[in-house]
file upload.tsv (TSV, C-alpha atoms)
chain	number	residue	atom	x	y	z
H	258	MET	CA	0.00	0.00	0.00
H	259	ILE	CA	2.64	2.53	1.10
H	260	ARG	CA	4.85	1.62	-1.84
H	261	THR	CA	1.95	2.16	-4.24
H	262	VAL	CA	1.02	5.55	-2.78
H	263	TRP	CA	4.64	6.68	-2.79
H	264	ALA	CA	5.19	5.45	-6.37
H	265	VAL	CA	2.22	7.48	-7.66
H	266	ALA	CA	3.32	10.57	-5.70
H	267	ARG	CA	6.90	10.21	-6.94
H	268	ASN	CA	5.68	9.89	-10.53
H	269	ASP	CA	3.70	13.15	-10.22
H	270	LEU	CA	6.72	14.89	-8.71
H	271	ALA	CA	8.86	13.65	-11.58
H	272	ILE	CA	6.37	15.05	-14.09
H	273	TRP	CA	6.52	18.38	-12.32
H	274	GLY	CA	10.29	18.33	-12.47
H	275	ARG	CA	10.18	17.83	-16.24
H	276	ALA	CA	7.54	20.53	-16.78
H	277	PRO	CA	8.80	23.92	-15.55
H	278	GLY	CA	5.97	25.57	-17.45
H	279	ILE	CA	3.42	23.93	-15.15
H	280	ILE	CA	5.40	25.06	-12.10
H	281	ALA	CA	5.52	28.60	-13.46
H	282	ALA	CA	1.79	28.60	-14.21
H	283	ALA	CA	1.04	27.61	-10.62
H	284	LEU	CA	3.64	29.75	-8.84
H	285	LEU	CA	3.98	32.98	-10.83
H	286	PRO	CA	0.47	34.34	-10.09
H	287	ALA	CA	1.11	34.12	-6.35
H	288	LEU	CA	4.57	35.65	-6.67
H	289	GLY	CA	3.14	38.38	-8.91
H	290	MET	CA	0.58	39.21	-6.23
H	291	GLY	CA	3.41	39.32	-3.69
H	292	ILE	CA	5.31	41.80	-5.85
H	293	LEU	CA	2.13	43.88	-6.17
H	294	VAL	CA	1.77	43.96	-2.37
H	295	ALA	CA	5.43	44.98	-2.05
H	296	VAL	CA	4.99	47.79	-4.56
H	297	ILE	CA	1.82	49.01	-2.86
H	298	THR	CA	3.63	48.89	0.49
H	299	ALA	CA	6.48	50.97	-0.89
H	300	THR	CA	4.24	53.57	-2.53
H	301	ILE	CA	1.11	53.82	-0.40
H	302	GLY	CA	0.91	57.12	1.38
H	303	MET	CA	4.06	58.44	-0.31
H	304	GLN	CA	2.58	61.78	-1.28
H	305	PRO	CA	4.98	64.66	-2.05
H	306	LEU	CA	4.69	67.50	0.44
H	307	ALA	CA	6.57	70.80	0.81
H	308	LEU	CA	7.87	71.81	4.25
H	309	VAL	CA	8.27	75.50	4.95
H	310	VAL	CA	10.09	76.29	8.23
H	311	GLU	CA	9.68	79.99	8.95
H	312	GLY	CA	10.68	79.76	12.61
H	313	ASN	CA	14.35	79.41	13.53
H	314	GLY	CA	14.11	78.36	17.18
H	315	PRO	CA	14.97	74.93	18.65
H	316	LEU	CA	11.31	73.95	19.04
H	317	ALA	CA	10.55	74.80	15.42
H	318	ALA	CA	13.57	72.70	14.42
H	319	ARG	CA	12.26	69.82	16.51
H	320	MET	CA	8.83	70.08	14.90
H	321	ALA	CA	10.45	70.06	11.46
H	322	HIS	CA	12.49	67.00	12.42
H	323	LEU	CA	9.37	65.10	13.53
H	324	LEU	CA	7.65	65.87	10.24
H	325	GLN	CA	10.67	64.83	8.17
H	326	ALA	CA	11.24	61.68	10.21
H	327	ASP	CA	7.80	60.30	9.33
H	328	ALA	CA	9.12	58.81	6.10
H	329	GLU	CA	6.42	56.12	6.07
H	330	ALA	CA	3.63	58.65	5.53
H	331	TYR	CA	4.81	61.16	2.92
H	332	LEU	CA	7.77	62.50	0.98
H	333	LEU	CA	8.66	65.85	2.52
H	334	SER	CA	10.86	68.37	0.70
H	335	PRO	CA	12.07	71.52	2.54
H	336	MET	CA	11.31	74.65	0.47
H	337	ARG	CA	10.99	78.37	0.82
H	338	ARG	CA	7.43	79.68	0.88
H	339	VAL	CA	7.59	81.09	-2.64
H	340	GLU	CA	8.93	77.81	-4.02
H	341	ALA	CA	6.32	75.84	-2.13
H	342	ASP	CA	3.45	77.99	-3.41
H	343	GLN	CA	4.68	77.54	-6.98
H	344	ALA	CA	5.07	73.79	-6.53
H	345	LEU	CA	1.52	73.55	-5.17
H	346	HIS	CA	0.23	75.63	-8.10
H	347	ASP	CA	2.03	73.34	-10.56
H	348	GLN	CA	0.70	70.26	-8.69
H	349	LYS	CA	4.23	69.06	-8.01
H	350	VAL	CA	3.31	68.70	-4.34
H	351	ALA	CA	0.00	67.68	-2.80
H	352	ALA	CA	0.24	70.03	0.17
H	353	ILE	CA	2.39	72.55	2.05
H	354	VAL	CA	3.19	72.22	5.76
H	355	VAL	CA	4.18	75.53	7.35
H	356	ILE	CA	5.86	75.96	10.74
H	357	PRO	CA	5.17	79.65	11.53
H	358	GLU	CA	7.84	82.14	12.50
H	359	ASP	CA	6.43	82.56	16.04
H	360	PHE	CA	6.23	78.81	16.72
H	361	ASP	CA	8.67	78.82	19.68
H	362	ARG	CA	6.95	81.76	21.36
H	363	GLN	CA	3.51	80.22	20.93
H	364	VAL	CA	4.67	76.90	22.40
H	365	VAL	CA	5.43	78.67	25.69
H	366	VAL	CA	1.86	79.96	25.99
H	367	GLY	CA	0.30	76.74	24.66
H	368	ALA	CA	-0.99	78.29	21.43
H	369	ALA	CA	1.42	76.88	18.84
H	370	ARG	CA	0.11	75.78	15.45
H	371	VAL	CA	1.29	74.13	12.27
H	372	ASP	CA	-0.45	75.17	9.06
H	373	LEU	CA	-1.46	72.70	6.35
H	374	VAL	CA	-2.28	74.04	2.88
H	375	LEU	CA	-3.84	71.17	0.93
H	376	ASN	CA	-4.54	71.02	-2.80
H	377	ASN	CA	-8.29	70.45	-3.05
H	378	VAL	CA	-7.81	68.65	-6.39
H	379	VAL	CA	-6.09	65.76	-4.60
H	380	ASP	CA	-8.07	62.53	-4.38
H	381	MET	CA	-10.19	62.38	-1.21
H	382	ASP	CA	-8.45	59.26	0.09
H	383	LEU	CA	-5.02	60.77	-0.43
H	384	ALA	CA	-6.14	64.04	1.15
H	385	ASP	CA	-7.38	62.18	4.23
H	386	ASP	CA	-4.09	60.27	4.42
H	387	ILE	CA	-2.18	63.57	4.38
H	388	ARG	CA	-4.38	65.11	7.06
H	389	ARG	CA	-4.03	62.11	9.35
H	390	SER	CA	-0.30	61.80	8.81
H	391	VAL	CA	0.45	65.47	9.45
H	392	THR	CA	-1.83	65.44	12.50
H	393	ARG	CA	0.04	62.44	13.88
H	394	SER	CA	3.43	64.07	13.37
H	395	VAL	CA	2.25	67.31	15.00
H	396	ALA	CA	0.76	65.44	17.95
H	397	GLU	CA	4.02	63.50	18.32
H	398	PHE	CA	5.62	66.77	19.49
H	399	ASP	CA	4.22	66.10	22.98
H	400	ALA	CA	3.00	62.50	22.58
H	401	PRO	CA	6.03	60.45	21.44
H	402	GLN	CA	3.97	57.23	21.54
H	403	LEU	CA	2.34	58.28	18.26
H	404	GLY	CA	5.64	58.07	16.38
H	405	ILE	CA	7.30	54.97	14.99
H	406	VAL	CA	9.36	54.48	18.16
H	407	GLY	CA	6.23	54.59	20.26
H	408	GLU	CA	4.54	52.10	17.94
H	409	LEU	CA	7.44	49.69	18.26
H	410	HIS	CA	8.35	50.12	21.91
H	411	GLY	CA	5.30	51.43	23.72
H	412	PRO	CA	5.05	54.46	26.02
H	413	THR	CA	8.22	56.52	26.39
H	414	ALA	CA	8.27	56.92	30.15
H	415	GLY	CA	10.45	59.67	31.59
H	416	ILE	CA	10.30	62.03	28.62
H	417	VAL	CA	8.70	65.37	29.49
H	418	LEU	CA	7.98	67.78	26.65
H	419	PRO	CA	5.93	70.97	26.27
H	420	ASN	CA	2.28	70.40	25.47
H	421	PRO	CA	1.27	73.15	23.05
H	422	PHE	CA	-1.34	71.07	21.25
H	423	ARG	CA	-2.91	69.59	24.40
H	424	VAL	CA	-2.41	66.02	23.24
H	425	ALA	CA	-2.03	63.30	25.85
H	426	ILE	CA	-1.97	59.54	25.34
H	427	ALA	CA	-3.36	57.00	27.80
H	428	GLU	CA	-2.06	53.75	26.33
H	429	ARG	CA	-3.07	50.26	27.41
H	430	ASP	CA	-1.82	47.55	25.06
H	431	LEU	CA	-4.15	44.58	24.71
H	432	ARG	CA	-1.39	42.60	23.01
H	433	ARG	CA	2.32	43.11	22.78
H	434	THR	CA	3.25	42.77	19.14
H	435	ASN	CA	5.08	44.84	16.53
H	436	VAL	CA	4.19	43.95	12.97
H	437	THR	CA	5.02	45.95	9.87
H	438	PHE	CA	2.61	46.21	6.95
H	439	PRO	CA	4.71	43.87	4.72
H	440	GLN	CA	4.84	41.27	7.51
H	441	TYR	CA	1.08	41.54	7.95
H	442	GLN	CA	0.38	41.23	4.23
H	443	VAL	CA	2.78	38.38	3.53
H	444	ILE	CA	0.43	35.93	5.29
H	445	PRO	CA	-2.22	36.09	2.53
H	446	ILE	CA	0.57	35.70	-0.04
H	447	ILE	CA	1.71	32.48	1.68
H	448	ILE	CA	-1.85	31.18	1.55
H	449	LEU	CA	-2.11	32.23	-2.10
H	450	VAL	CA	1.05	30.25	-2.89
H	451	VAL	CA	-0.47	27.20	-1.19
H	452	ILE	CA	-3.78	27.61	-3.04
H	453	SER	CA	-2.16	28.29	-6.42
H	454	VAL	CA	0.30	25.43	-6.29
H	455	GLY	CA	-1.96	22.91	-4.57
H	456	LEU	CA	-5.11	23.65	-6.54
H	457	LEU	CA	-3.72	24.63	-9.92
H	458	GLY	CA	-0.80	22.20	-9.87
H	459	THR	CA	-2.90	19.17	-8.95
H	460	ALA	CA	-5.62	20.18	-11.40
H	461	LEU	CA	-3.12	20.54	-14.25
H	462	LEU	CA	-1.58	17.12	-13.62
H	463	THR	CA	-5.01	15.50	-13.37
H	464	ALA	CA	-6.26	17.19	-16.55
H	465	ARG	CA	-2.99	16.23	-18.29
H	466	ASP	CA	-3.63	12.57	-17.46
H	467	PHE	CA	-7.05	12.74	-19.10
H	468	GLU	CA	-5.78	14.67	-22.13
H	469	ARG	CA	-2.95	12.27	-22.83
H	470	SER	CA	-4.96	9.17	-21.81
H	471	THR	CA	-2.26	8.24	-19.31
H	472	ILE	CA	-5.08	7.82	-16.80
H	473	LYS	CA	-5.75	4.43	-18.44
H	474	LEU	CA	-2.41	3.17	-17.17
H	475	ALA	CA	-3.66	3.63	-13.62
H	476	LEU	CA	-6.83	1.76	-14.50
H	477	LEU	CA	-4.83	-1.19	-15.86
H	478	ALA	CA	-2.37	-1.27	-12.97
H	479	PRO	CA	-2.83	-4.25	-10.60
H	480	VAL	CA	-3.40	-2.01	-7.54
H	481	ARG	CA	-6.41	-0.64	-5.78
H	482	ARG	CA	-7.56	2.66	-7.23
H	483	GLY	CA	-7.87	4.14	-3.77
H	484	TRP	CA	-4.12	3.94	-3.31
H	485	VAL	CA	-3.59	5.63	-6.67
H	486	ILE	CA	-5.84	8.51	-5.59
H	487	ALA	CA	-4.02	8.75	-2.27
H	488	GLY	CA	-0.72	8.88	-4.16
H	489	LYS	CA	-1.94	11.75	-6.34
H	490	LEU	CA	-3.08	13.65	-3.24
H	491	LEU	CA	0.26	13.03	-1.55
H	492	GLY	CA	2.09	14.22	-4.64
H	493	GLY	CA	0.19	17.51	-4.59
H	494	VAL	CA	0.93	18.01	-0.89
H	495	LEU	CA	4.65	17.25	-1.31
H	496	LEU	CA	4.96	19.53	-4.31
H	497	THR	CA	3.27	22.41	-2.46
H	498	ALA	CA	5.63	21.91	0.47
H	499	ALA	CA	8.67	21.73	-1.84
H	500	LEU	CA	7.85	25.14	-3.33
H	501	LEU	CA	6.55	26.81	-0.18
H	502	VAL	CA	9.31	25.93	2.30
H	503	PRO	CA	12.15	27.68	0.39
H	504	LEU	CA	10.03	30.82	0.01
H	505	VAL	CA	9.24	30.89	3.73
H	506	LEU	CA	12.86	30.30	4.68
H	507	LEU	CA	13.97	33.07	2.35
H	508	GLY	CA	11.50	35.46	3.94
H	509	ALA	CA	12.61	34.48	7.44
H	510	VAL	CA	16.32	34.87	6.67
H	511	THR	CA	15.85	38.46	5.47
H	512	ARG	CA	15.46	39.71	9.06
H	513	PHE	CA	19.09	38.80	9.74
H	514	LEU	CA	20.55	40.75	6.82
H	515	PRO	CA	22.65	43.77	7.93
H	516	SER	CA	20.73	46.04	5.55
H	517	CYS	CA	17.40	44.94	6.99
H	518	ARG	CA	17.55	46.97	10.19
H	519	ARG	CA	16.11	50.33	11.09
H	520	ASP	CA	17.59	52.67	13.69
H	521	PHE	CA	15.49	55.07	15.72
H	522	ALA	CA	16.48	57.75	18.22
H	523	LEU	CA	14.26	57.63	21.29
H	524	GLY	CA	14.04	60.58	23.65
H	525	SER	CA	16.26	63.61	23.92
H	526	GLY	CA	19.22	64.85	25.93
H	527	THR	CA	20.42	62.40	28.55
H	528	LEU	CA	17.46	60.13	27.85
H	529	LYS	CA	18.32	59.71	24.17
H	530	GLN	CA	19.04	56.16	23.11
H	531	LEU	CA	19.46	54.46	19.75
H	532	LEU	CA	17.18	51.55	19.05
H	533	SER	CA	17.88	49.08	16.27
H	534	VAL	CA	14.83	47.23	14.99
H	535	PRO	CA	15.16	44.21	12.68
H	536	CYS	CA	12.73	43.89	9.81
H	537	GLY	CA	12.10	41.01	7.44
H	538	TRP	CA	9.14	39.57	5.61
H	539	ILE	CA	8.34	36.76	8.03
H	540	LEU	CA	8.46	36.89	11.82
H	541	PRO	CA	9.67	33.87	13.84
H	542	VAL	CA	7.03	31.81	15.65
H	543	PRO	CA	6.68	32.90	19.30
H	544	SER	CA	6.85	29.36	20.71
H	545	LEU	CA	6.79	25.66	19.88
H	546	THR	CA	3.03	25.59	20.42
H	547	HIS	CA	2.59	28.40	17.92
H	548	GLY	CA	4.89	26.59	15.49
H	549	LEU	CA	2.76	23.45	15.67
H	550	ALA	CA	-0.33	25.59	15.15
H	551	VAL	CA	1.20	27.10	12.01
H	552	LEU	CA	2.06	23.66	10.63
H	553	ALA	CA	-1.45	22.38	11.33
H	554	LEU	CA	-3.08	25.34	9.61
H	555	VAL	CA	-0.82	25.20	6.56
H	556	GLY	CA	-1.27	21.43	6.32
H	557	ALA	CA	-5.06	21.71	6.44
H	558	VAL	CA	-5.25	24.46	3.81
H	559	THR	CA	-2.80	22.51	1.61
H	560	ALA	CA	-5.00	19.41	1.79
H	561	THR	CA	-8.01	21.58	0.91
H	562	ALA	CA	-6.25	23.04	-2.12
H	563	VAL	CA	-5.05	19.66	-3.38
H	564	GLY	CA	-8.52	18.13	-2.99
H	565	LEU	CA	-10.07	21.02	-4.92
H	566	GLY	CA	-7.37	20.62	-7.57
H	567	LEU	CA	-8.26	16.96	-8.00
H	568	LEU	CA	-11.92	17.94	-8.36
H	569	LEU	CA	-11.18	20.75	-10.84
H	570	GLY	CA	-8.82	18.70	-13.01
H	571	THR	CA	-11.32	15.85	-13.25
H	572	ALA	CA	-14.27	18.10	-13.99
H	573	VAL	CA	-12.59	20.32	-16.59
H	574	ARG	CA	-9.93	17.99	-18.06
H	575	GLY	CA	-8.49	20.56	-20.47
H	576	THR	CA	-5.23	22.10	-19.28
H	577	SER	CA	-5.92	25.51	-20.85
H	578	LEU	CA	-9.35	25.72	-19.28
H	579	VAL	CA	-7.95	24.46	-15.97
H	580	VAL	CA	-5.49	27.36	-15.91
H	581	MET	CA	-8.25	29.90	-16.53
H	582	VAL	CA	-10.65	28.46	-13.96
H	583	GLY	CA	-7.93	27.71	-11.42
H	584	LEU	CA	-6.40	31.19	-11.52
H	585	ASN	CA	-9.81	32.82	-11.10
H	586	ALA	CA	-10.65	30.48	-8.22
H	587	ALA	CA	-7.32	31.23	-6.50
H	588	VAL	CA	-7.82	34.99	-6.89
H	589	TYR	CA	-11.35	34.87	-5.48
H	590	LEU	CA	-10.20	32.75	-2.55
H	591	PHE	CA	-7.40	35.25	-1.96
H	592	PHE	CA	-9.55	38.38	-1.97
H	593	LEU	CA	-12.56	36.93	-0.14
H	594	GLY	CA	-10.20	35.47	2.45
H	595	GLY	CA	-8.90	38.92	3.36
H	596	GLY	CA	-5.96	39.16	0.99
H	597	PHE	CA	-5.91	42.97	0.86
H	598	ALA	CA	-8.11	43.94	3.80
H	599	THR	CA	-8.84	42.61	7.27
H	600	VAL	CA	-12.17	40.76	7.06
H	601	PRO	CA	-13.86	42.52	10.05
H	602	PHE	CA	-13.18	45.85	8.31
H	603	LEU	CA	-15.06	44.82	5.14
H	604	PRO	CA	-18.73	45.60	4.36
H	605	ALA	CA	-21.22	43.30	6.06
H	606	TRP	CA	-22.10	41.35	2.92
H	607	LEU	CA	-18.42	40.67	2.18
H	608	GLN	CA	-17.88	39.53	5.75
H	609	THR	CA	-20.73	37.07	5.28
H	610	ALA	CA	-19.21	35.81	2.02
H	611	SER	CA	-15.76	35.45	3.59
H	612	ARG	CA	-17.15	33.10	6.25
H	613	LEU	CA	-17.86	30.61	3.48
H	614	VAL	CA	-14.25	30.72	2.23
H	615	PRO	CA	-11.65	28.52	3.96
H	616	THR	CA	-8.81	30.92	3.17
H	617	SER	CA	-10.28	33.51	5.56
H	618	TYR	CA	-9.82	31.06	8.43
H	619	ALA	CA	-6.32	30.16	7.27
H	620	ILE	CA	-5.22	33.82	7.06
H	621	ALA	CA	-6.79	34.73	10.40
H	622	GLY	CA	-5.31	31.66	12.10
H	623	LEU	CA	-1.80	32.22	10.73
H	624	ARG	CA	-1.81	35.87	11.78
H	625	GLN	CA	-2.90	34.87	15.27
H	626	ALA	CA	-0.25	32.17	15.54
H	627	LEU	CA	2.59	34.34	14.19
H	628	PHE	CA	1.80	37.76	15.60
H	629	TYR	CA	0.16	37.27	19.00
H	630	PRO	CA	1.15	35.51	22.22
H	631	ASP	CA	-2.17	33.70	22.50
H	632	LEU	CA	-4.07	31.41	20.14
H	633	VAL	CA	-7.55	32.90	20.42
H	634	GLY	CA	-9.81	31.46	17.74
H	635	PHE	CA	-7.24	28.88	16.59
H	636	GLY	CA	-9.47	25.90	17.42
H	637	ARG	CA	-12.31	27.24	15.31
H	638	ASP	CA	-9.99	28.09	12.38
H	639	LEU	CA	-8.35	24.66	12.40
H	640	LEU	CA	-11.69	22.87	12.72
H	641	VAL	CA	-13.12	24.71	9.70
H	642	LEU	CA	-9.98	24.05	7.66
H	643	CYS	CA	-9.93	20.36	8.57
H	644	ALA	CA	-13.59	20.08	7.58
H	645	SER	CA	-12.81	21.88	4.33
H	646	ALA	CA	-9.88	19.55	3.67
H	647	ALA	CA	-12.02	16.47	4.33
H	648	GLY	CA	-14.83	17.77	2.13
H	649	ALA	CA	-12.53	18.79	-0.73
H	650	THR	CA	-10.64	15.49	-0.59
H	651	ALA	CA	-13.88	13.50	-0.60
H	652	LEU	CA	-15.28	15.46	-3.54
H	653	GLY	CA	-12.02	15.20	-5.48
H	654	THR	CA	-11.78	11.46	-4.83
H	655	LEU	CA	-15.39	10.88	-5.84
H	656	ALA	CA	-14.97	12.94	-9.02
H	657	LEU	CA	-11.80	11.08	-10.04
H	658	ALA	CA	-13.40	7.70	-9.35
H	659	ARG	CA	-16.31	8.60	-11.60
H	660	GLY	CA	-13.96	10.01	-14.20
H	661	TRP	CA	-12.11	6.71	-14.33
H	662	ARG	CA	-15.32	4.83	-14.97
H	663	ARG	CA	-15.96	7.04	-17.98
H	664	ALA	CA	-12.40	6.89	-19.31

call {"tool": "encode", "arguments": {"input": "upload.tsv", "output": "structure tokens"}}
result
Amino acid sequence: MIRTVWAVARNDLAIWGRAPGIIAAALLPALGMGILVAVITATIGMQPLALVVEGNGPLAARMAHLLQADAEAYLLSPMRRVEADQALHDQKVAAIVVIPEDFDRQVVVGAARVDLVLNNVVDMDLADDIRRSVTRSVAEFDAPQLGIVGELHGPTAGIVLPNPFRVAIAERDLRRTNVTFPQYQVIPIIILVVISVGLLGTALLTARDFERSTIKLALLAPVRRGWVIAGKLLGGVLLTAALLVPLVLLGAVTRFLPSCRRDFALGSGTLKQLLSVPCGWILPVPSLTHGLAVLALVGAVTATAVGLGLLLGTAVRGTSLVVMVGLNAAVYLFFLGGGFATVPFLPAWLQTASRLVPTSYAIAGLRQALFYPDLVGFGRDLLVLCASAAGATALGTLALARGWRRA
């Protein structure tokens, strides 16, 4: 039995090894989506702004530094007022941020201000991004927790600054975690790789067997057909693992590269300290329990994808049509699962639709296991994925068994 299952799986793996085009068809869409996420991450919120510093005191300089240090929100270029007005007129910048000449004097009496001149032609979403980002930087003047250091390291106890804007932060962290946007978004990409390779890869091999009539060899073989089906399922699982593991390891290793670190200055004067924060696409698992949870979730979603691939390949049978249907299915599973947006933040009808998609449970479960110290909701996510895997495997097996009878 084991030898039969392994022989069928090894044969499918060998076919994959001799058909790089099939590998590319299954893997490139997921990698392309990953590149798209990376590009969006690098460009989102990067609106060009002009900074005009009319004040020349130390507090005005500090305010200018806070605005310029927020490199994740906008691209700020220091200009004179005349240059800034011309740039805004020519739509070379989306807004002008002005630190008035009397900024230092107004700080003392608690009446300081920072002016924002915004181009009303700018898209509403971009305009709101600019308003929020500038407001955050201004508030950071007396509430350091709002800056990137505060996001990464919590309240900055011991730092006392003037409070011209009357901003105070009462922070109580529900969870202790620091996750960048790329790290947060790479989880759906991992699931998309699993879905693309498992579903599309298995479907292509199954359809190829029907197209080339090689499926008749399995029918004539002196073995039980159940073991042949099990071998094809195992082959899909092993292939998905063979392509996924190197990608995950590559993403994990990036956090140890010397260039993948960010330095931040926290505090001022005697309290100033330099903090070095590693980045990277994939965070390490917090514990062995979390690691086992990750493996269970990935294994369940892989089995689901392979079962669906077996069903799709048997039902469609044409490799060209399989690629079209499989890619569309993978994309829908990606988006409805929360590929670009957190599911609870979606409209109510999309939230309802996402509950019917196994990828939403896989993405939510992986984020919980990788980002948070607890495993809240993990049992439900794994149960749904295991049920999906069992259902997809049963449907794929039944479809292939019927397909053999017609071959």

call {"tool": "closest_residue", "arguments": {"input": "upload.tsv", "among": "H:Ala307, H:Val485, H:Ala586, H:Ala326", "to": "His346 (chain H)", "atoms": "only C-alpha atoms"}}
result
H:Ala307

call {"tool": "closest_residue", "arguments": {"input": "upload.tsv", "among": "H:Leu545, H:Ile444, H:Ala369, H:Leu456", "to": "Ser617 (chain H)", "atoms": "only C-alpha atoms"}}
result
H:Ile444

call {"tool": "residues_around", "arguments": {"input": "upload.tsv", "residues": "Gly556 (chain H)", "least_positions_apart": "3", "cutoff": "10 Å", "atoms": "only C-alpha atoms", "output": "PyMOL selection string"}}
result
chain H and resi 451+494+497-498+550-553+559-562+639+642-643+646

call {"tool": "atom_distance", "arguments": {"input": "upload.tsv", "atom1": "CA of Leu565 (chain H)", "atom2": "CA of Leu632 (chain H)"}}
result
27.8 Å

call {"tool": "atom_distance", "arguments": {"input": "upload.tsv", "atom1": "CA of Tyr441 (chain H)", "atom2": "CA of Arg624 (chain H)"}}
result
7.4 Å

call {"tool": "closest_residue", "arguments": {"input": "upload.tsv", "among": "H:Ile446, H:Leu584, H:Leu549, H:Leu569", "to": "Gly660 (chain H)", "atoms": "all atoms listed in the file"}}
result
H:Leu569

call {"tool": "residues_around", "arguments": {"input": "upload.tsv", "residues": "Val582 (chain H)", "least_positions_apart": "4", "cutoff": "10 Å", "atoms": "all atoms listed in the file", "output": "MDAnalysis selection string"}}
result
chainID H and resid 457 569:570 573 576:578 586:587

call {"tool": "atom_distance", "arguments": {"input": "upload.tsv", "atom1": "CA of Thr571 (chain H)", "atom2": "CA of Leu491 (chain H)"}}
result
16.7 Å

call {"tool": "closest_residue", "arguments": {"input": "upload.tsv", "among": "H:Ala658, H:Leu308, H:Ala266, H:Ala281", "to": "Arg481 (chain H)", "atoms": "only C-alpha atoms"}}
result
H:Ala658

call {"tool": "closest_residue", "arguments": {"input": "upload.tsv", "among": "H:Ser334, H:Ala626, H:Leu652, H:Gly291", "to": "Gly596 (chain H)", "atoms": "all atoms listed in the file"}}
result
H:Gly291

call {"tool": "residues_around", "arguments": {"input": "upload.tsv", "residues": "Ile272 (chain H)", "least_positions_apart": "4", "cutoff": "12 Å", "atoms": "only C-alpha atoms", "output": "VMD selection string"}}
result
chain H and resid 265 to 268 276 to 280 458 to 459 461 to 463 465 to 466 489 492 to 493 496

call {"tool": "residues_near_point", "arguments": {"input": "upload.tsv", "point": "(2.2, 72.9, 3.4)", "cutoff": "7 Å", "atoms": "all atoms listed in the file", "output": "ChimeraX atom specification"}}
result
/H:306-309,352-355,372-375

call {"tool": "residues_around", "arguments": {"input": "upload.tsv", "residues": "Gln442 (chain H)", "least_positions_apart": "4", "cutoff": "12 Å", "atoms": "all atoms listed in the file", "output": "ChimeraX atom specification"}}
result
/H:290-298,436-438,446-449,538-540,591,595-599,620-621,623-624,628

call {"tool": "closest_residue", "arguments": {"input": "upload.tsv", "among": "H:Val614, H:Leu568, H:Val366, H:Val350", "to": "Leu490 (chain H)", "atoms": "all atoms listed in the file"}}
result
H:Leu568

call {"tool": "axis_aligned_box", "arguments": {"input": "upload.tsv", "around": "region 574-592 of chain H", "padding_each_side": "6 Å", "output": "AutoDock Vina command-line options"}}
result
--center_x -8.3 --center_y 28.2 --center_z -11.4 --size_x 18.1 --size_y 32.4 --size_z 30.9
